[in-house]
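Single-structure report; data block below.
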Amino acid sequence: NLSRINGRLRNAAVPVLVDPQLIKDGEVRSDQNIDDNDMKQYEREEHIDFVRKVLGIVSVQMSITFFFCVVASIWAPAGAFFKHPLTIIIALVVLIACVCAIAGSKKNRREVPLNYILLAGATLGETVFLAATAADLKIVSVFASIFATCLAVGGLFLAAVKTASTMDRDRLIRNMVKAMIVTFILHLVTILFFLFSFGFKDKALVLGVSCAMLLISGAYVMFALLFIIVPGIEDKDDYIMGALRLYLEIARLFFWIMKILGEKK
């Protein structure tokens, strides 16, 4: 009798420990056994933890960047330090070295605390460029750009969640790769056209190009979010790589928002 009861419990239609939302969303079928349902729920919880970890790391990165941008705008000596050519050269070397170390080695981006040290180096390197830009702007413009960036990223996150729930993974990857190639080409062509045709003196042109770059950067942020949100695209052990990718795209978005909203001192 005990073995019979155990067999019935093991093949129960809806196990007690399974989240009913999984069954409603079609993630778990009611005719699956307990082991399969538990595995589905475990994978979902593991992916949620991955997304939370990445978004938490990026939040810290952007907070550091915003802080130094505000300091550079308020305090003239700090602004002069960030704008110094030697500081910018060192920041560029550190940024490139840390990004290459993370992207080029699975061991580097998974070994603690090395992965966090490399990510911190990349964050500080990118922060120097943004702080150098903010140093020439009024503090009100910097705060407005920070607020606009937070709103834009929040909206893109909601859009990414909605998009991820309506597309299958393989089709999503193909579309993202195609779109990223197109946006990269548009980005490159626009910058080259801007640099060699008109220069930097025309304010209307600067505004127009900045708006175009803002849209392209927004597309990149959307792709980076989808890589994190959609299960199976990003390895869950590569949370540092996911955080780095998303941070760099949000930083670029912040840069172009400062170009649009920024008012020089």
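By convention here, the chains of the structure tokens are called A, B, ... in the order presented, each chain's residues are numbered starting at 1, and ligands are numbered starting at 1 in the order presented.
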Report task. Write out as a PyMOL selection string which residues come within 9 Å of region 76-89 of chain A when counting only C-alpha atoms, dropping same-chain ones fewer than 3 positions away. Result -> chain A and resi 68-69+71-73+92-94+125+128-136
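If you measure from each of A:Val51, A:Met222, A:Val142, A:Ala103 to Tyr239 (chain A) using only C-alpha atoms, the closest one turns out to be A:Val51.
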Please provide as a CSV table (one decimal) with all heavy atoms, in the first residue's frame all residues within 9 Å of Glu263 (chain A), with the sequence filter that same-chain residues fewer than 4 positions apart are discarded (counting only C-alpha atoms).
chain,number,residue,atom,x,y,z
A,136,ASP,N,32.2,70.2,-18.0
A,136,ASP,CA,31.9,71.5,-18.8
A,136,ASP,C,30.4,71.9,-18.7
A,136,ASP,O,30.0,72.9,-19.2
A,136,ASP,CB,32.3,71.3,-20.2
A,136,ASP,CG,33.8,71.2,-20.4
A,136,ASP,OD1,34.5,71.8,-19.6
A,136,ASP,OD2,34.2,70.5,-21.4
A,137,LEU,N,29.6,71.1,-18.0
A,137,LEU,CA,28.1,71.4,-18.0
A,137,LEU,C,27.7,71.9,-16.6
A,137,LEU,O,28.3,71.6,-15.6
A,137,LEU,CB,27.4,70.1,-18.3
A,137,LEU,CG,27.7,69.3,-19.6
A,137,LEU,CD1,26.9,68.1,-19.7
A,137,LEU,CD2,27.5,70.2,-20.8
A,138,LYS,N,26.6,72.6,-16.6
A,138,LYS,CA,26.0,73.1,-15.4
A,138,LYS,C,25.4,71.9,-14.6
A,138,LYS,O,25.0,71.0,-15.2
A,138,LYS,CB,24.9,74.1,-15.7
A,138,LYS,CG,25.4,75.4,-16.3
A,138,LYS,CD,24.3,76.4,-16.5
A,138,LYS,CE,24.8,77.7,-17.1
A,138,LYS,NZ,23.7,78.7,-17.3
A,139,ILE,N,25.5,72.0,-13.3
A,139,ILE,CA,25.0,70.9,-12.5
A,139,ILE,C,23.6,70.5,-12.7
A,139,ILE,O,23.2,69.4,-12.7
A,139,ILE,CB,25.3,71.2,-11.0
A,139,ILE,CG1,25.0,70.0,-10.1
A,139,ILE,CG2,24.4,72.4,-10.5
A,139,ILE,CD1,25.8,68.8,-10.4
A,140,VAL,N,22.7,71.5,-13.0
A,140,VAL,CA,21.3,71.3,-13.3
A,140,VAL,C,21.2,70.4,-14.5
A,140,VAL,O,20.4,69.4,-14.6
A,140,VAL,CB,20.5,72.6,-13.5
A,140,VAL,CG1,19.1,72.3,-13.9
A,140,VAL,CG2,20.6,73.4,-12.3
A,141,SER,N,22.0,70.6,-15.5
A,141,SER,CA,22.0,69.8,-16.8
A,141,SER,C,22.4,68.4,-16.5
A,141,SER,O,21.9,67.4,-17.0
A,141,SER,CB,22.9,70.4,-17.8
A,141,SER,OG,22.5,71.7,-18.2
A,142,VAL,N,23.4,68.2,-15.6
A,142,VAL,CA,23.9,66.9,-15.2
A,142,VAL,C,22.8,66.1,-14.5
A,142,VAL,O,22.5,64.9,-14.9
A,142,VAL,CB,25.2,67.0,-14.4
A,142,VAL,CG1,25.6,65.6,-13.9
A,142,VAL,CG2,26.3,67.6,-15.1
A,258,MET,N,23.4,63.7,-22.2
A,258,MET,CA,24.1,64.9,-21.8
A,258,MET,C,24.4,65.8,-22.9
A,258,MET,O,24.4,67.1,-22.8
A,258,MET,CB,25.5,64.5,-21.1
A,258,MET,CG,25.3,64.0,-19.7
A,258,MET,SD,26.9,64.1,-18.7
A,258,MET,CE,27.8,62.8,-19.6
A,259,LYS,N,24.7,65.3,-24.1
A,259,LYS,CA,24.9,66.1,-25.3
A,259,LYS,C,23.7,66.9,-25.7
A,259,LYS,O,23.7,68.0,-26.2
A,259,LYS,CB,25.4,65.2,-26.5
A,259,LYS,CG,26.8,64.8,-26.4
A,259,LYS,CD,27.8,65.9,-26.5
A,259,LYS,CE,29.2,65.5,-26.6
A,259,LYS,NZ,30.2,66.6,-26.7
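Between CA of Val221 (chain A) and CA of Cys100 (chain A) there is a distance of 20.0 Å.
Candidate residues A:Ala101, A:Ile74, A:Ala148, A:Ile117 were compared for distance to Ile260 (chain A), and the nearest is A:Ala148, using only C-alpha atoms.
Distance check against Ala152 (chain A) using only C-alpha atoms: of A:Leu95, A:Leu261, A:Leu215, A:Ile90, the minimum falls on A:Leu215.
For the residues A:Pro231, A:Tyr247, A:Ile64, A:Leu225, ranking by smallest atom-to-atom distance to Glu45 (chain A) using only C-alpha atoms places A:Pro231 first.
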**Report entry** Interatomic distance (Å, one decimal) between CA of Val99 (chain A) and CA of Gln61 (chain A)
**Finding:** 14.5 Å
